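Working notes, beginning with the structure itself.
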Amino acid sequence: METLSTPLPSLPRYSTSLSVNNDHDHDHPVFLHIKQCTNSSQLGQIHAQMLRTGLFFDPYSASKLFAASALLPFSSLDYARKVFDQIPKPNLHSWNTLIRVYASSPEPLQGILIFLRMVHESPYYPNKFTFPFVIKAAAEIFSLCVGQALHGLAIKASLGADVFISNSLIHLYLSCGDLDSAYRVFTMIGEKDVVSWNSMITGLAQRGCAEKAFQLFQEMEEEGVKPNDVTMVGVLSACAKKLDLELGRWVCSYIERKGIRVDLTLSNAMLDMYTKCGSLEDAKRLFDMMEEKDIVTWTTMLDGYAKLGEYETAKQVLDTMPRQDIAAWNALISGYEQNGKSKEALSLYHELQQIQIAKPDGITLVSALSACAQLGAMGIGECIHAYVKEQGIKLNCHLTTSLIDMYSKCGDIKKALDVFYSVDRRDVFVWSAMIAGLAMHGQGRDAIDLFSRMQETMIKPNSVTFTNVLCACSHAGLVKEGKTFFNQMEPVYGIRPGVQHYSCMVDILGRAGLLEEAVEFIEKMPILPSDSVWGALLGACQIHGNVELAELACRHLLELDPENNGAYVLLSNVYAKTGKWDGVSRLRKHMRVTGLKKEQGCSRIEVNGVIHEFLAGDNCHPLSKEIYSKLDEIVVRLKSAGYVPNKSHLLQLIEEDEMQEHALNLHSEKLAIAFGLQYVEVSQPIRIIKNLRVCGDCHSVAKLVSRLYNREIILRDRYRFHHFSGGNCSCKDYW
């Protein structure tokens, strides 16, 4: 055991009847030894001697030892608590110290419980030092009701005007998302200090109120309060939220003019502002000038490159970082995933697992699962789910939502439901994801039932929930139910319908063939119809072959988005379906002259953890010869079973029948089906993801192939799932 460099003197016996205000006692040599302690062993020796001499039983002396055990760098919370529990009558300073320590610990709730115990068991009433600590504890657990109660107690104790308590309350209310209460406390402070202004400016900036944050900064200057580096971090955050580069540059020059101390945190805030405002040139210049850099600096730079699509440079930053942590990997993985580069995201995720520099966390897994959902890579998604189980990672709501979304979009609604029912805690996003999953699989009734159960659990639906519920009604043809939910949104749930909800309603009416009612609905909209609204009507016109309304919808759609090639394709499909080939030819000529190109069909299929992509007419796959040979075999078997190609789904005008049939056979999903029949195990479904709507001919082919080859085929297009088994399809045919 380590010993003190200066031996402890023999301590005299201490009588607890002596007054604690005795100056001689308070200058006791033991207090000097407490201050000189450098480790817990030395403190333990002093503790033992104080117990032997009786000095520990004086509240003031005990508070000195307790404060050291709780606040010194080597302190242990467990030991400090034991010391506190040994004190017969802790003084107010000791109570405050214990609350303070717990408020900053991983167990802030204990700080609140200690506070309650002090109020009920001790002779002391909370003072101006008590409230900031216990309010901080309430903020740490995001308990608005506890914070409000503490606010009331502070007012009752005539301490409501204390600036330190007020600053703590501002932080509490902001942490709990109550911006109005925070601002109300702020305005009630008589003499605001720099902390008051900083708390409010930073809180407003972080919650998206950038204009108000900057306005407050100007008021701060007008009142003669000198901003510091913390102030400027908040102001720069507001600039980043506004994406206002010019304002951000002005703030940086202001910092220089005013001589504000620029530490690493402020430098990182400037760097973050530049990257979020899209000025990598400014960011790179600052980055190169920074003498000190930490992991936040490097990650901010990496994230900036990734979000602007400069992935190679972002990867170079990652590779040259002195120390890589998981946040840096997450920035690049999520950058890939959020910009539609799902294959690259999963490739980087696999690299992370192989080199084992950092351990994937919840954010990593959410991004990887989202990439799997986009690609339909259920095998990889299942491996990630297995990793979660192996590592004992607890499913929070974010991870649960991602797993449900992945399984749903990969075509296994049963596994999505298994995940949903396996967790105890479900927030609105978990419920909404499950409703969306059922909707995209055509299980509209089940989705509506789940929505009812969600409300029974007192979870309040949000805007996304209603979008998913209305989609469920659309896919299942539940017109009456869709109208009911839409009409209840604002009066019953207090959610004003947005453009997505209006688009869903047009889709519900249009799919059901109520085209005139859909047009009337659009005309009565209280908001300007968006491209998605007219797109929904145009899609419905394609289903039902209504040329007149299709032309109307296309005209409005192109007024809003002149370069929308999908509008031309949909209208062309309507013309083709009704035999108006002159219209098809006219549209194709217009697209050729204007340089617009039809989005190329792309189908993906996962086999043994590898994603295989097929484009229409693709011959780039290394197994193309075998795939086309299988496709020829499929066509022969289809024709022998009575299959007749549906040539109305051809966009181009092709006069020869053989060429028309050949063009249909080159659709990407047919190539993927041919590949799947050869390389997906017979016991497993063939899962295919297509980026565009599946045409009616491919739908018919998939249905017939499922019967002739006795295979289950799950085909997801841009809008929903098509499940084929034994020649049957679980979805309604809208062709």
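To be explicit about the labels: the chains of the structure tokens are called A, B, and onward in the order shown, and within each one the residues are counted from 1, while ligands get numbers from 1 in the order they are shown.
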
Spatial neighbours of stretch 707-724 of chain A, 9 Å, only C-alpha atoms, chain gap at least 2 places, as a PDB file with C-alpha atoms, in the first residue's frame:
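Listed below is the output, result15.pdb:
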ATOM      1  CA  GLY A 376     -32.808  -6.094 -51.265  1.00  0.00           C
ATOM      2  CA  LYS A 409     -38.161  -4.281 -48.175  1.00  0.00           C
ATOM      3  CA  CYS A 410     -36.324  -7.557 -48.752  1.00  0.00           C
ATOM      4  CA  GLY A 411     -39.637  -9.384 -49.013  1.00  0.00           C
ATOM      5  CA  ALA A 439     -48.699  -1.852 -46.698  1.00  0.00           C
ATOM      6  CA  MET A 440     -46.001  -2.569 -49.273  1.00  0.00           C
ATOM      7  CA  HIS A 441     -46.854  -6.276 -49.087  1.00  0.00           C
ATOM      8  CA  GLY A 442     -50.508  -5.575 -49.883  1.00  0.00           C
ATOM      9  CA  HIS A 475     -52.431  -1.014 -52.234  1.00  0.00           C
ATOM     10  CA  SER A 603     -32.956  -5.458 -61.435  1.00  0.00           C
ATOM     11  CA  ARG A 637     -41.669 -23.480 -71.941  1.00  0.00           C
ATOM     12  CA  LEU A 638     -43.829 -20.372 -71.543  1.00  0.00           C
ATOM     13  CA  ALA A 641     -47.979 -23.331 -71.752  1.00  0.00           C
ATOM     14  CA  GLU A 669     -36.326  -8.625 -64.312  1.00  0.00           C
ATOM     15  CA  ILE A 673     -35.366 -14.507 -63.028  1.00  0.00           C
ATOM     16  CA  LEU A 677     -33.535 -20.172 -61.506  1.00  0.00           C
ATOM     17  CA  VAL A 682     -34.497 -24.483 -54.867  1.00  0.00           C
ATOM     18  CA  SER A 683     -35.544 -24.252 -51.218  1.00  0.00           C
ATOM     19  CA  GLN A 684     -35.141 -20.465 -51.238  1.00  0.00           C
ATOM     20  CA  PRO A 685     -37.350 -17.813 -52.849  1.00  0.00           C
ATOM     21  CA  ILE A 686     -35.971 -15.875 -55.804  1.00  0.00           C
ATOM     22  CA  ARG A 687     -35.907 -12.283 -54.524  1.00  0.00           C
ATOM     23  CA  ILE A 688     -35.595  -9.541 -57.123  1.00  0.00           C
ATOM     24  CA  ILE A 689     -35.538  -5.757 -56.655  1.00  0.00           C
ATOM     25  CA  LYS A 690     -36.350  -3.524 -59.633  1.00  0.00           C
ATOM     26  CA  ASN A 691     -35.856   0.244 -59.736  1.00  0.00           C
ATOM     27  CA  LEU A 692     -38.897   0.870 -61.972  1.00  0.00           C
ATOM     28  CA  ARG A 693     -42.490  -0.353 -62.099  1.00  0.00           C
ATOM     29  CA  VAL A 694     -42.811  -3.970 -63.239  1.00  0.00           C
ATOM     30  CA  HIS A 699     -45.752  -9.748 -64.166  1.00  0.00           C
ATOM     31  CA  ALA A 702     -43.148 -14.253 -63.333  1.00  0.00           C
ATOM     32  CA  LYS A 703     -46.529 -15.739 -62.426  1.00  0.00           C
ATOM     33  CA  LEU A 704     -46.251 -18.435 -65.082  1.00  0.00           C
ATOM     34  CA  VAL A 705     -42.593 -19.219 -64.292  1.00  0.00           C
ATOM     35  CA  GLY A 726     -47.560 -21.890 -57.921  1.00  0.00           C
ATOM     36  CA  GLY A 727     -48.839 -19.578 -60.630  1.00  0.00           C
ATOM     37  CA  ASN A 728     -50.640 -17.292 -58.196  1.00  0.00           C
ATOM     38  CA  CYS A 729     -49.906 -13.715 -57.200  1.00  0.00           C
ATOM     39  CA  SER A 730     -50.821 -12.290 -53.806  1.00  0.00           C
ATOM     40  CA  CYS A 731     -51.166  -8.745 -55.160  1.00  0.00           C
ATOM     41  CA  LYS A 732     -53.939  -7.300 -57.256  1.00  0.00           C
TER      42      LYS A 732
END

Considering only alpha helix (DSSP H) as DSSP defines it on the backbone, what residues of stretch 268-406 of chain A qualify? List them as a ChimeraX atom specification.
/A:268-276,280-289,295-307,311-320,326-338,342-355,362-375,378-390,397-406

Which one is closest to A:Ala240: A:His612, A:Lys276, A:Arg323, A:His544? Count only C-alpha atoms.
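For A:Ala240, the nearest of the candidates is A:Lys276.
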
Please identify which residues in stretch 505-671 of chain A DSSP calls strand (DSSP E or B) from the backbone, and express them as a ChimeraX atom specification.
/A:602-607,610-615

N, CA, C and O atoms of the current selection, written as a PDB file, in the first residue's frame:
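The resulting file, out_25.pdb, is reproduced below:
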ATOM      1  N   CYS A 602     -33.319  -1.546 -64.053  1.00  0.00           N
ATOM      2  CA  CYS A 602     -32.233  -2.276 -63.390  1.00  0.00           C
ATOM      3  C   CYS A 602     -32.837  -3.204 -62.346  1.00  0.00           C
ATOM      4  O   CYS A 602     -33.656  -2.785 -61.526  1.00  0.00           O
ATOM      5  N   SER A 603     -32.472  -4.480 -62.414  1.00  0.00           N
ATOM      6  CA  SER A 603     -32.956  -5.458 -61.435  1.00  0.00           C
ATOM      7  C   SER A 603     -31.769  -6.049 -60.692  1.00  0.00           C
ATOM      8  O   SER A 603     -30.719  -6.325 -61.290  1.00  0.00           O
ATOM      9  N   ARG A 604     -31.950  -6.238 -59.381  1.00  0.00           N
ATOM     10  CA  ARG A 604     -30.883  -6.798 -58.543  1.00  0.00           C
ATOM     11  C   ARG A 604     -31.355  -8.084 -57.899  1.00  0.00           C
ATOM     12  O   ARG A 604     -32.520  -8.225 -57.527  1.00  0.00           O
ATOM     13  N   ILE A 605     -30.411  -8.988 -57.733  1.00  0.00           N
ATOM     14  CA  ILE A 605     -30.694 -10.241 -57.034  1.00  0.00           C
ATOM     15  C   ILE A 605     -29.455 -10.595 -56.212  1.00  0.00           C
ATOM     16  O   ILE A 605     -28.321 -10.443 -56.676  1.00  0.00           O
ATOM     17  N   GLU A 606     -29.677 -11.038 -54.988  1.00  0.00           N
ATOM     18  CA  GLU A 606     -28.562 -11.402 -54.103  1.00  0.00           C
ATOM     19  C   GLU A 606     -28.425 -12.913 -54.051  1.00  0.00           C
ATOM     20  O   GLU A 606     -29.407 -13.637 -53.821  1.00  0.00           O
ATOM     21  N   VAL A 607     -27.196 -13.400 -54.269  1.00  0.00           N
ATOM     22  CA  VAL A 607     -26.907 -14.832 -54.160  1.00  0.00           C
ATOM     23  C   VAL A 607     -25.631 -14.989 -53.344  1.00  0.00           C
ATOM     24  O   VAL A 607     -24.585 -14.438 -53.705  1.00  0.00           O
ATOM     25  N   VAL A 610     -23.650 -11.848 -52.491  1.00  0.00           N
ATOM     26  CA  VAL A 610     -23.164 -11.034 -53.611  1.00  0.00           C
ATOM     27  C   VAL A 610     -24.362 -10.468 -54.363  1.00  0.00           C
ATOM     28  O   VAL A 610     -25.304 -11.194 -54.691  1.00  0.00           O
ATOM     29  N   ILE A 611     -24.327  -9.153 -54.632  1.00  0.00           N
ATOM     30  CA  ILE A 611     -25.400  -8.494 -55.357  1.00  0.00           C
ATOM     31  C   ILE A 611     -25.093  -8.544 -56.849  1.00  0.00           C
ATOM     32  O   ILE A 611     -24.038  -8.089 -57.295  1.00  0.00           O
ATOM     33  N   HIS A 612     -26.026  -9.100 -57.626  1.00  0.00           N
ATOM     34  CA  HIS A 612     -25.886  -9.156 -59.074  1.00  0.00           C
ATOM     35  C   HIS A 612     -26.885  -8.184 -59.690  1.00  0.00           C
ATOM     36  O   HIS A 612     -28.072  -8.219 -59.360  1.00  0.00           O
ATOM     37  N   GLU A 613     -26.411  -7.323 -60.599  1.00  0.00           N
ATOM     38  CA  GLU A 613     -27.258  -6.322 -61.241  1.00  0.00           C
ATOM     39  C   GLU A 613     -27.436  -6.643 -62.715  1.00  0.00           C
ATOM     40  O   GLU A 613     -26.502  -7.079 -63.387  1.00  0.00           O
ATOM     41  N   PHE A 614     -28.666  -6.418 -63.184  1.00  0.00           N
ATOM     42  CA  PHE A 614     -28.966  -6.631 -64.600  1.00  0.00           C
ATOM     43  C   PHE A 614     -29.677  -5.406 -65.144  1.00  0.00           C
ATOM     44  O   PHE A 614     -30.636  -4.914 -64.540  1.00  0.00           O
ATOM     45  N   LEU A 615     -29.202  -4.903 -66.281  1.00  0.00           N
ATOM     46  CA  LEU A 615     -29.875  -3.838 -67.003  1.00  0.00           C
ATOM     47  C   LEU A 615     -30.644  -4.456 -68.160  1.00  0.00           C
ATOM     48  O   LEU A 615     -30.381  -5.593 -68.568  1.00  0.00           O
TER      49      LEU A 615
END

Taking only C-alpha atoms into account, which of A:Ile170, A:Met591, A:Leu395, A:Leu216 comes nearest A:Ser199?
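Nearest candidate to A:Ser199 out of A:Ile170, A:Met591, A:Leu395, A:Leu216: A:Ile170.
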
Could you check which of A:Ala62, A:Cys554, A:Gly379, A:Gly234 is closest to A:Asn608, using only C-alpha atoms?
A:Gly379

Name all residues at most 10 Å from stretch 330-336 of chain A (count only C-alpha atoms; drop same-chain ones fewer than 4 positions away) and give them as a ChimeraX atom specification.
/A:299-311,314-315,318,325-326,340-349,352,360-368,370-371

Please compute the atom CA of A:Leu528-atom CA of A:Asn564 distance, one decimal, in Å.
18.4 Å

Report as JSON, numbers by chain all protein, DNA and RNA residues lying within 8 Å of stretch 518-525 of chain A, evaluated on only C-alpha atoms, omitting residues in the same chain fewer than 3 positions from it.
{"A": [502, 505, 506, 509, 510, 514, 515, 528, 529, 533, 537]}

Next, dump the selected residues to file, keeping only C-alpha atoms, as a CSV table (one decimal), in the first residue's frame.
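Result file result-v7.csv:
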chain,number,residue,atom,x,y,z
A,502,TYR,CA,-52.9,14.3,-50.8
A,505,MET,CA,-55.5,10.1,-51.6
A,506,VAL,CA,-55.2,10.7,-55.4
A,509,LEU,CA,-59.0,7.1,-55.9
A,510,GLY,CA,-57.1,6.6,-59.1
A,514,LEU,CA,-62.4,6.9,-59.6
A,515,LEU,CA,-60.4,9.2,-61.9
A,528,LEU,CA,-50.8,23.8,-54.6
A,529,PRO,CA,-50.7,20.3,-56.1
A,533,VAL,CA,-49.9,14.6,-56.9
A,537,LEU,CA,-53.0,10.7,-61.3

Give me the residues near stretch 452-467 of chain A as a count of residues only, where near means some atom within 10 Å (using only C-alpha atoms) and where sequence neighbours in that chain fewer than 3 positions away do not count.
35

Might you pull out every residue within 12 Å of A:Ser422, with only C-alpha atoms counted and same-chain residues fewer than 4 positions away left off, and present them as a short mmCIF file (atom, residue, chain, number, x, y, z; two decimals) with all heavy atoms, in the first residue's frame?
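Saved to around26.cif:
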data_model
loop_
_atom_site.label_atom_id
_atom_site.label_comp_id
_atom_site.auth_asym_id
_atom_site.auth_seq_id
_atom_site.Cartn_x
_atom_site.Cartn_y
_atom_site.Cartn_z
N LYS A 394 -28.38 -4.46 -27.47
CA LYS A 394 -29.80 -4.28 -27.17
C LYS A 394 -30.47 -3.52 -28.30
O LYS A 394 -29.96 -2.53 -28.81
CB LYS A 394 -29.96 -3.52 -25.85
CG LYS A 394 -31.40 -3.50 -25.35
CD LYS A 394 -31.49 -2.85 -23.98
CE LYS A 394 -32.92 -2.85 -23.47
NZ LYS A 394 -33.04 -2.20 -22.15
N LEU A 395 -31.64 -4.01 -28.70
CA LEU A 395 -32.38 -3.37 -29.78
C LEU A 395 -33.07 -2.11 -29.27
O LEU A 395 -34.08 -2.18 -28.57
CB LEU A 395 -33.42 -4.32 -30.36
CG LEU A 395 -32.92 -5.50 -31.19
CD1 LEU A 395 -34.08 -6.29 -31.75
CD2 LEU A 395 -32.03 -5.03 -32.32
N ASN A 396 -32.49 -0.94 -29.62
CA ASN A 396 -33.22 0.30 -29.34
C ASN A 396 -34.20 0.54 -30.48
O ASN A 396 -34.28 -0.23 -31.44
CB ASN A 396 -32.24 1.48 -29.18
CG ASN A 396 -31.39 1.70 -30.42
OD1 ASN A 396 -31.76 1.34 -31.53
ND2 ASN A 396 -30.22 2.29 -30.23
N CYS A 397 -34.95 1.62 -30.39
CA CYS A 397 -36.01 1.86 -31.39
C CYS A 397 -35.43 2.10 -32.78
O CYS A 397 -36.03 1.70 -33.79
CB CYS A 397 -36.89 3.02 -30.95
SG CYS A 397 -37.95 2.60 -29.53
N THR A 400 -34.39 -1.34 -34.13
CA THR A 400 -35.60 -2.12 -34.39
C THR A 400 -36.28 -1.66 -35.67
O THR A 400 -36.67 -2.47 -36.52
CB THR A 400 -36.59 -1.98 -33.20
OG1 THR A 400 -35.95 -2.39 -32.00
CG2 THR A 400 -37.83 -2.82 -33.43
N LEU A 403 -34.31 -2.84 -38.71
CA LEU A 403 -34.48 -4.28 -38.99
C LEU A 403 -35.84 -4.56 -39.63
O LEU A 403 -35.95 -5.34 -40.59
CB LEU A 403 -34.32 -5.08 -37.70
CG LEU A 403 -32.89 -5.32 -37.23
CD1 LEU A 403 -32.87 -5.83 -35.79
CD2 LEU A 403 -32.17 -6.31 -38.15
N ILE A 404 -36.87 -3.93 -39.10
CA ILE A 404 -38.22 -4.12 -39.67
C ILE A 404 -38.24 -3.63 -41.11
O ILE A 404 -38.77 -4.29 -42.01
CB ILE A 404 -39.27 -3.37 -38.83
CG1 ILE A 404 -39.44 -4.04 -37.46
CG2 ILE A 404 -40.62 -3.30 -39.55
CD1 ILE A 404 -40.26 -3.23 -36.48
N LYS A 415 -40.51 -12.21 -40.98
CA LYS A 415 -39.37 -11.88 -40.11
C LYS A 415 -39.46 -10.46 -39.58
O LYS A 415 -39.04 -10.17 -38.46
CB LYS A 415 -38.05 -12.09 -40.87
CG LYS A 415 -37.70 -13.57 -41.03
CD LYS A 415 -36.31 -13.76 -41.59
CE LYS A 415 -35.99 -15.27 -41.65
NZ LYS A 415 -34.69 -15.53 -42.29
N ALA A 416 -40.02 -9.56 -40.40
CA ALA A 416 -40.23 -8.19 -39.93
C ALA A 416 -41.17 -8.19 -38.73
O ALA A 416 -40.94 -7.50 -37.73
CB ALA A 416 -40.80 -7.33 -41.06
N LEU A 417 -42.24 -8.98 -38.82
CA LEU A 417 -43.19 -9.08 -37.71
C LEU A 417 -42.55 -9.73 -36.49
O LEU A 417 -42.83 -9.35 -35.35
CB LEU A 417 -44.43 -9.87 -38.14
CG LEU A 417 -45.40 -9.12 -39.06
CD1 LEU A 417 -46.37 -10.10 -39.73
CD2 LEU A 417 -46.18 -8.07 -38.28
N ASP A 418 -41.67 -10.72 -36.73
CA ASP A 418 -40.98 -11.37 -35.60
C ASP A 418 -40.15 -10.35 -34.82
O ASP A 418 -40.13 -10.36 -33.59
CB ASP A 418 -40.06 -12.49 -36.13
CG ASP A 418 -40.84 -13.71 -36.62
OD1 ASP A 418 -42.04 -13.82 -36.27
OD2 ASP A 418 -40.25 -14.52 -37.36
N ARG A 426 -41.70 0.11 -28.16
CA ARG A 426 -41.98 0.49 -29.56
C ARG A 426 -42.40 1.94 -29.59
O ARG A 426 -43.44 2.28 -29.02
CB ARG A 426 -43.08 -0.39 -30.16
CG ARG A 426 -42.83 -1.88 -30.05
CD ARG A 426 -43.96 -2.68 -30.70
NE ARG A 426 -43.84 -4.09 -30.42
CZ ARG A 426 -44.59 -4.77 -29.56
NH1 ARG A 426 -45.56 -4.13 -28.91
NH2 ARG A 426 -44.40 -6.05 -29.35
N VAL A 430 -41.19 2.78 -34.82
CA VAL A 430 -41.27 1.32 -34.92
C VAL A 430 -42.64 0.91 -35.45
O VAL A 430 -42.75 0.10 -36.39
CB VAL A 430 -40.99 0.67 -33.55
CG1 VAL A 430 -41.25 -0.83 -33.61
CG2 VAL A 430 -39.56 0.94 -33.10
#

Grab the atom CA of A:Leu113 to atom CA of A:Asn96 distance for me, in Å with one decimal place.
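So the two atoms, atom CA of A:Leu113 and atom CA of A:Asn96, lie 12.4 Å apart.
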
Contacts of A:Val146 at 12 Å or less, counting only C-alpha atoms, minus same-chain residues fewer than 5 places along, as a list in words?
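The contact residues come out as Leu109, Ile112, Leu113, Phe115, Leu116, Val134, Ile135, Lys136, Ala137, Ala138, Ala139, Glu140, Ile141, His151, Gly152, Leu153, Leu169, Leu172, Tyr173 and Cys176 of chain A.
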
Take atom CA of A:Phe131 and atom CA of A:Asn167 and report the distance between them in Å, one decimal.
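About the pair atom CA of A:Phe131 and atom CA of A:Asn167: they are 10.8 Å apart.
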
Calculated over only C-alpha atoms, which of the candidates A:Leu369, A:Leu666, A:Cys239, A:Ala161 has the smallest distance to A:Phe186?
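The answer is A:Ala161, which sits nearest to A:Phe186.
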